[in-house]
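Source file input15.cif; content: mmCIF, C-alpha atoms (C1' of nucleotides).
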data_run
loop_
_atom_site.label_atom_id
_atom_site.label_comp_id
_atom_site.auth_asym_id
_atom_site.auth_seq_id
_atom_site.Cartn_x
_atom_site.Cartn_y
_atom_site.Cartn_z
CA MET A 1334 0.00 0.00 0.00
CA GLU A 1335 1.26 3.47 -0.87
CA LEU A 1336 1.20 5.66 2.20
CA GLY A 1337 2.91 8.68 0.66
CA ALA A 1338 5.69 10.80 2.08
CA ARG A 1339 5.87 11.53 5.77
CA LEU A 1340 4.87 14.99 6.97
CA LEU A 1341 7.76 17.39 7.57
CA ARG A 1342 8.66 19.46 10.60
CA ASP A 1343 6.82 22.60 9.38
CA PHE A 1344 3.49 20.76 9.70
CA TYR A 1345 4.02 20.48 13.47
CA GLU A 1346 5.59 23.88 13.95
CA ARG A 1347 2.26 25.75 13.73
CA PRO A 1348 -0.14 26.75 16.58
CA VAL A 1349 -1.23 23.64 18.45
CA LEU A 1350 -4.96 24.11 17.78
CA VAL A 1351 -4.26 24.21 14.03
CA VAL A 1352 -2.06 21.13 14.21
CA ALA A 1353 -4.64 19.22 16.29
CA ARG A 1354 -7.35 19.98 13.74
CA ASP A 1355 -5.10 19.19 10.78
CA CYS A 1356 -4.16 15.83 12.28
CA ILE A 1357 -7.70 14.59 11.68
CA GLY A 1358 -7.56 12.33 8.62
CA LYS A 1359 -3.76 12.02 8.64
CA VAL A 1360 -2.29 8.52 8.83
CA LEU A 1361 -0.24 7.51 11.87
CA VAL A 1362 2.36 4.93 10.83
CA HIS A 1363 4.53 2.72 13.05
CA GLU A 1364 7.19 0.59 11.39
CA ALA A 1365 7.34 -1.98 14.18
CA PRO A 1366 9.61 -5.05 14.29
CA GLU A 1367 6.54 -7.27 13.84
CA GLY A 1368 5.47 -5.35 10.75
CA LEU A 1369 3.93 -2.10 9.54
CA VAL A 1370 0.87 -0.86 11.38
CA ALA A 1371 -1.05 2.30 10.49
CA GLY A 1372 -4.38 4.03 11.04
CA ARG A 1373 -6.21 7.25 10.16
CA ILE A 1374 -6.40 9.72 13.04
CA VAL A 1375 -10.05 10.42 13.77
CA GLU A 1376 -9.85 12.09 17.18
CA THR A 1377 -7.35 14.45 18.88
CA GLU A 1378 -7.10 16.91 21.75
CA ALA A 1379 -4.89 20.00 22.06
CA TYR A 1380 -2.96 20.74 25.26
CA ARG A 1381 -1.49 24.22 25.44
CA GLY A 1382 0.82 24.80 28.40
CA PRO A 1383 1.93 26.65 30.35
CA GLU A 1384 -1.38 28.51 30.72
CA ASP A 1385 -3.62 25.48 30.10
CA LEU A 1386 -4.17 23.91 33.53
CA ALA A 1387 -5.22 20.61 31.94
CA ALA A 1388 -1.78 20.16 30.37
CA HIS A 1389 1.05 18.36 32.14
CA SER A 1390 3.17 21.35 31.21
CA ALA A 1391 0.87 23.71 33.18
CA LYS A 1392 2.70 26.55 34.91
CA GLY A 1393 5.73 25.84 32.74
CA ARG A 1394 6.85 22.97 34.90
CA ILE A 1395 9.76 21.09 33.38
CA THR A 1396 10.30 17.59 34.77
CA GLU A 1397 11.76 14.37 33.44
CA ARG A 1398 8.34 13.46 32.10
CA THR A 1399 7.40 16.76 30.41
CA ARG A 1400 10.90 17.65 29.18
CA VAL A 1401 10.30 16.70 25.55
CA MET A 1402 7.33 19.08 25.27
CA PHE A 1403 9.64 22.03 25.79
CA GLY A 1404 11.88 20.95 22.93
CA PRO A 1405 11.40 21.17 19.15
CA PRO A 1406 8.08 20.05 17.57
CA ALA A 1407 7.33 16.70 15.89
CA HIS A 1408 8.61 14.60 18.79
CA ALA A 1409 6.60 11.89 20.60
CA TYR A 1410 5.46 12.58 24.17
CA MET A 1411 4.46 9.33 25.87
CA PHE A 1412 3.02 9.08 29.36
CA LEU A 1413 1.54 6.38 31.56
CA LEU A 1414 -1.83 6.98 33.14
CA TYR A 1415 -3.83 5.13 35.76
CA GLY A 1416 -0.77 2.93 36.20
CA MET A 1417 -1.49 0.77 33.16
CA HIS A 1418 -2.19 2.61 29.92
CA TRP A 1419 0.19 4.52 27.69
CA ALA A 1420 -0.92 7.58 25.73
CA PHE A 1421 0.69 9.08 22.63
CA ASN A 1422 1.08 12.81 21.99
CA ILE A 1423 2.75 14.87 19.28
CA VAL A 1424 4.77 17.87 20.41
CA ALA A 1425 3.59 20.93 18.44
CA GLY A 1426 4.24 24.65 18.17
CA PRO A 1427 7.58 26.47 18.14
CA GLU A 1428 10.42 25.22 20.35
CA GLY A 1429 10.05 26.48 23.92
CA HIS A 1430 6.23 26.31 23.82
CA PRO A 1431 5.14 23.20 25.79
CA HIS A 1432 2.24 22.28 23.52
CA ALA A 1433 1.08 18.82 22.49
CA VAL A 1434 -1.63 17.00 20.54
CA LEU A 1435 -3.10 13.92 22.22
CA VAL A 1436 -4.14 11.27 19.69
CA ARG A 1437 -7.31 9.70 21.08
CA ALA A 1438 -8.56 7.38 18.33
CA LEU A 1439 -7.59 5.74 15.04
CA GLU A 1440 -9.39 4.03 12.20
CA PRO A 1441 -7.25 0.89 11.60
CA LEU A 1442 -5.80 0.69 8.06
CA VAL A 1443 -2.68 -1.48 7.90
CA GLY A 1444 -1.51 -4.37 10.05
CA VAL A 1445 -4.93 -4.97 11.56
CA GLU A 1446 -4.05 -8.56 12.42
CA ILE A 1447 -1.00 -7.39 14.37
CA MET A 1448 -3.13 -4.86 16.25
CA ALA A 1449 -5.74 -7.47 17.06
CA ALA A 1450 -3.12 -9.86 18.40
CA ARG A 1451 -1.60 -7.17 20.61
CA ARG A 1452 -5.00 -6.05 21.89
CA GLY A 1453 -6.48 -9.50 22.30
CA VAL A 1454 -9.70 -8.64 20.47
CA PRO A 1455 -11.13 -9.65 17.05
CA ALA A 1456 -9.55 -7.85 14.06
CA LYS A 1457 -12.83 -6.29 12.98
CA SER A 1458 -13.70 -4.93 16.42
CA VAL A 1459 -14.30 -1.16 16.59
CA THR A 1460 -12.60 -1.21 19.99
CA LEU A 1461 -9.22 -1.88 18.36
CA CYS A 1462 -8.05 1.75 18.47
CA ASN A 1463 -10.90 3.90 19.79
CA GLY A 1464 -9.16 5.34 22.84
CA PRO A 1465 -5.73 6.70 23.84
CA GLY A 1466 -4.69 3.59 25.77
CA LYS A 1467 -6.12 1.25 23.17
CA LEU A 1468 -4.37 2.73 20.15
CA CYS A 1469 -1.02 2.67 21.96
CA ALA A 1470 -1.48 -1.01 22.75
CA ALA A 1471 -2.54 -1.71 19.15
CA LEU A 1472 0.42 0.11 17.59
CA GLY A 1473 2.89 -1.29 20.12
CA LEU A 1474 3.76 2.12 21.59
CA ASP A 1475 5.05 2.48 25.15
CA ARG A 1476 7.84 4.16 27.08
CA SER A 1477 10.38 3.11 24.44
CA ALA A 1478 8.75 5.54 21.97
CA TYR A 1479 9.27 8.53 24.28
CA GLY A 1480 11.06 11.39 22.51
CA LEU A 1481 11.09 9.79 19.04
CA ASP A 1482 11.41 12.30 16.20
CA LEU A 1483 8.47 11.87 13.82
CA CYS A 1484 10.60 13.36 11.04
CA THR A 1485 13.32 10.71 11.19
CA GLY A 1486 12.18 7.71 13.24
CA PRO A 1487 10.06 4.58 12.64
CA LEU A 1488 6.98 6.47 13.82
CA TYR A 1489 5.49 9.25 11.67
CA LEU A 1490 2.45 10.88 10.05
CA ALA A 1491 1.54 10.53 6.37
CA PRO A 1492 -1.02 12.49 4.31
CA GLY A 1493 -4.61 11.23 4.25
CA GLU A 1494 -8.14 12.09 3.27
CA ARG A 1495 -10.03 14.26 5.73
CA GLY A 1496 -13.77 14.39 6.25
CA ALA A 1497 -15.84 16.95 8.15
CA VAL A 1498 -14.27 17.93 11.47
CA GLY A 1499 -16.28 18.57 14.62
CA ARG A 1500 -15.05 20.04 17.92
CA SER A 1501 -16.08 19.61 21.55
CA PRO A 1502 -14.72 19.94 25.10
CA ARG A 1503 -11.89 17.68 26.21
CA ILE A 1504 -12.45 14.49 28.16
CA ASN A 1505 -11.64 13.57 31.76
CA ILE A 1506 -9.86 16.75 32.79
CA ASP A 1507 -12.34 17.81 35.47
CA TYR A 1508 -9.47 19.07 37.63
CA ALA A 1509 -8.61 21.87 35.17
CA GLY A 1510 -11.07 24.56 36.33
CA ALA A 1511 -12.04 27.05 33.63
CA TRP A 1512 -10.08 25.09 31.02
CA VAL A 1513 -12.49 22.16 31.21
CA LYS A 1514 -14.88 23.83 28.79
CA LYS A 1515 -12.43 24.78 26.04
CA PRO A 1516 -13.56 23.06 22.80
CA TRP A 1517 -10.09 21.72 22.10
CA ARG A 1518 -11.08 18.21 21.11
CA PHE A 1519 -11.38 17.49 17.39
CA HIS A 1520 -12.95 14.50 15.67
CA GLU A 1521 -14.14 13.36 12.27
CA ARG A 1522 -17.92 13.62 12.13
CA GLY A 1523 -19.74 10.35 11.68
CA ASN A 1524 -16.65 8.15 11.95
CA ARG A 1525 -17.48 5.05 13.95
CA TYR A 1526 -14.01 4.82 15.48
CA VAL A 1527 -14.33 8.08 17.45
CA SER A 1528 -14.19 7.13 21.14
CA VAL A 1529 -17.10 9.23 22.41
CA PRO A 1530 -19.02 10.89 19.58
CA PRO A 1531 -20.58 14.17 20.74
CA ARG A 1532 -24.04 15.00 19.48
CA ASP A 1533 -23.54 16.30 15.96
"C1'" DG B 759 -27.85 0.20 27.29
"C1'" DA B 760 -26.04 2.80 31.37
"C1'" DA B 761 -23.61 3.13 35.56
"C1'" DT B 762 -20.00 1.73 38.72
"C1'" DA B 763 -15.85 -0.31 40.75
"C1'" DG B 764 -11.33 -2.17 40.40
"C1'" DA B 765 -6.87 -2.60 38.29
"C1'" DT B 766 -1.82 -0.93 39.03
"C1'" DT B 767 2.60 2.13 38.74
"C1'" DG B 768 5.40 6.27 37.36
"C1'" DT B 769 5.62 10.85 38.78
"C1'" DC B 770 5.29 14.64 41.71
"C1'" DT B 771 4.38 16.84 46.63
"C1'" DG C 419 1.55 8.89 50.02
"C1'" DA C 420 -1.82 10.63 46.57
"C1'" DC C 421 -3.31 10.61 42.25
"C1'" DA C 422 -3.78 10.25 37.10
"C1'" DA C 423 -5.41 13.23 29.46
"C1'" DT C 424 -8.22 5.01 30.93
"C1'" DC C 425 -10.13 0.33 30.06
"C1'" DT C 426 -12.71 -3.61 31.23
"C1'" DA C 427 -15.74 -6.55 33.66
"C1'" DT C 428 -19.71 -6.64 36.28
"C1'" DT C 429 -24.07 -5.23 37.89
"C1'" DC C 430 -27.68 -3.09 37.54
"C1'" DT C 431 -32.28 -1.28 34.77
#
As structure tokens, please, write out the structure in this file.
Amino acid sequence: MELGARLLRDFYERPVLVVARDCIGKVLVHEAPEGLVAGRIVETEAYRGPEDLAAHSAKGRITERTRVMFGPPAHAYMFLLYGMHWAFNIVAGPEGHPHAVLVRALEPLVGVEIMAARRGVPAKSVTLCNGPGKLCAALGLDRSAYGLDLCTGPLYLAPGERGAVGRSPRINIDYAGAWVKKPWRFHERGNRYVSVPPRD
DNA sequence: GAATAGATTGTCT
DNA sequence: GACAATCTATTCT
């Protein structure tokens, strides 16, 4: 299958809300040892530190975990949540701005059998990649992907067809005060792989 | 179909 | 020592 050229650094170097929206429809590719796996991004969220209290980079805090967000764009920010699930983010915006795009759901395209084996569910199940923890498990992403450069590594974005994009508030960030209501979640309208479709 | 509880560990206070 | 950008199984209607 022809996946086209990978996206270059300038795609990620724009304002994080623009990047998050533009990621919808793009193809996330992982050239894993077991084989190529890829899926269309159908749901994302933007996190814009240091002012965004929902972001791990809130208040400009630099720690071992958030360090990569303060570096150049197009790198992978991985983090573990609830002690058992990994989540994948793309660092966006100019260097020095701790912004990131959380990829929340994929429509499986390539290597579906590999994903199914890693997830332990049937290959045609819609639950293969419809959530941050699920897509990381399906693509084989974990701590070892932390800090990978999407412009040079085995993990990258490729062009893809985009449908209508909807936006809604972000999910499970109830601790973030006024930032809870920001409509910084983007999704492809009508796509059945979106984790929690808002009313359209 | 909707709601709820339990799992399990790196990171930060 | 508390808690988290979640998922799944189980227990209700």
Practice task
Determine, counting only C-alpha atoms (C1' of nucleotides), which protein, DNA and RNA residues have an atom within 9 Å of an atom of DT424 (chain C); residues of the same chain fewer than 5 positions away are not included. Present the result as a list in words.
Solution key: Leu1414, Tyr1415, Met1417, His1418, Gly1464, Pro1465, Gly1466 and Lys1467 of chain A
Handout entry: Closest of A:His1520, A:Arg1398, A:His1408, A:His1430 to chain B - atom-to-atom distances counting all atoms listed in the file
Key = A:Arg1398
May I have a table of the residues of chain C lying at most 9 Å from chain A, giving each one's closest pair of atoms and their distance in Å to one decimal, counting only C-alpha atoms (C1' of nucleotides), ordered by chain and ascending residue number, as CSV?
residue,atom,partner,partner_atom,distance
C:DC421,C1',A:Tyr1415,CA,8.5
C:DA422,C1',A:Tyr1415,CA,5.3
C:DA423,C1',A:Ile1506,CA,6.6
C:DT424,C1',A:Gly1466,CA,6.4
C:DC425,C1',A:Gly1466,CA,7.7
Problem - Nearby residues (all atoms listed in the file) at most 10 Å from Val1498 (chain A), same-chain spacing under 4 positions excluded, as a ChimeraX atom specification - result: /A:1354-1355,1357-1358,1375-1376,1519-1523
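For the structure in this document, the set picked by the PyMOL selection byres ((chain B) within 12 of (chain A)) is DG764, DA765, DT766, DT767, DG768, DT769 and DC770 of chain B.
The residue set within 12 Å of DA761 (chain B), counting all atoms listed in the file and dropping same-chain residues fewer than 6 places from it, reads DT428, DT429, DC430 and DT431 of chain C.
Picture a line from CA of Pro1348 (chain A) to CA of Pro1487 (chain A); it runs 24.7 Å.
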Handout entry: Straight-line distance linking CA of Val1424 (chain A) with CA of Ala1409 (chain A), stated in Å to one decimal
Key = 6.3 Å
Practice task
For Leu1483 (chain A), please output as an MDAnalysis selection string all residues within 12 Å (counting all atoms listed in the file; exclusion window: fewer than 2 positions along the same chain).
Solution key: chainID A and resid 1339:1345 1361:1364 1405:1410 1422:1425 1478:1481 1485:1491
Exercise for the section: Determine, counting all atoms listed in the file, which protein, DNA and RNA residues have an atom within 12 Å of an atom of Arg1525 (chain A); residues of the same chain fewer than 4 positions away are not included. Present the result as a PyMOL selection string. Expected result: chain A and resi 1375-1376+1438-1441+1458-1463+1520-1521+1529-1531
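Atom pair CA of Val1434 (chain A) / CA of Ala1379 (chain A): separated by 4.7 Å.
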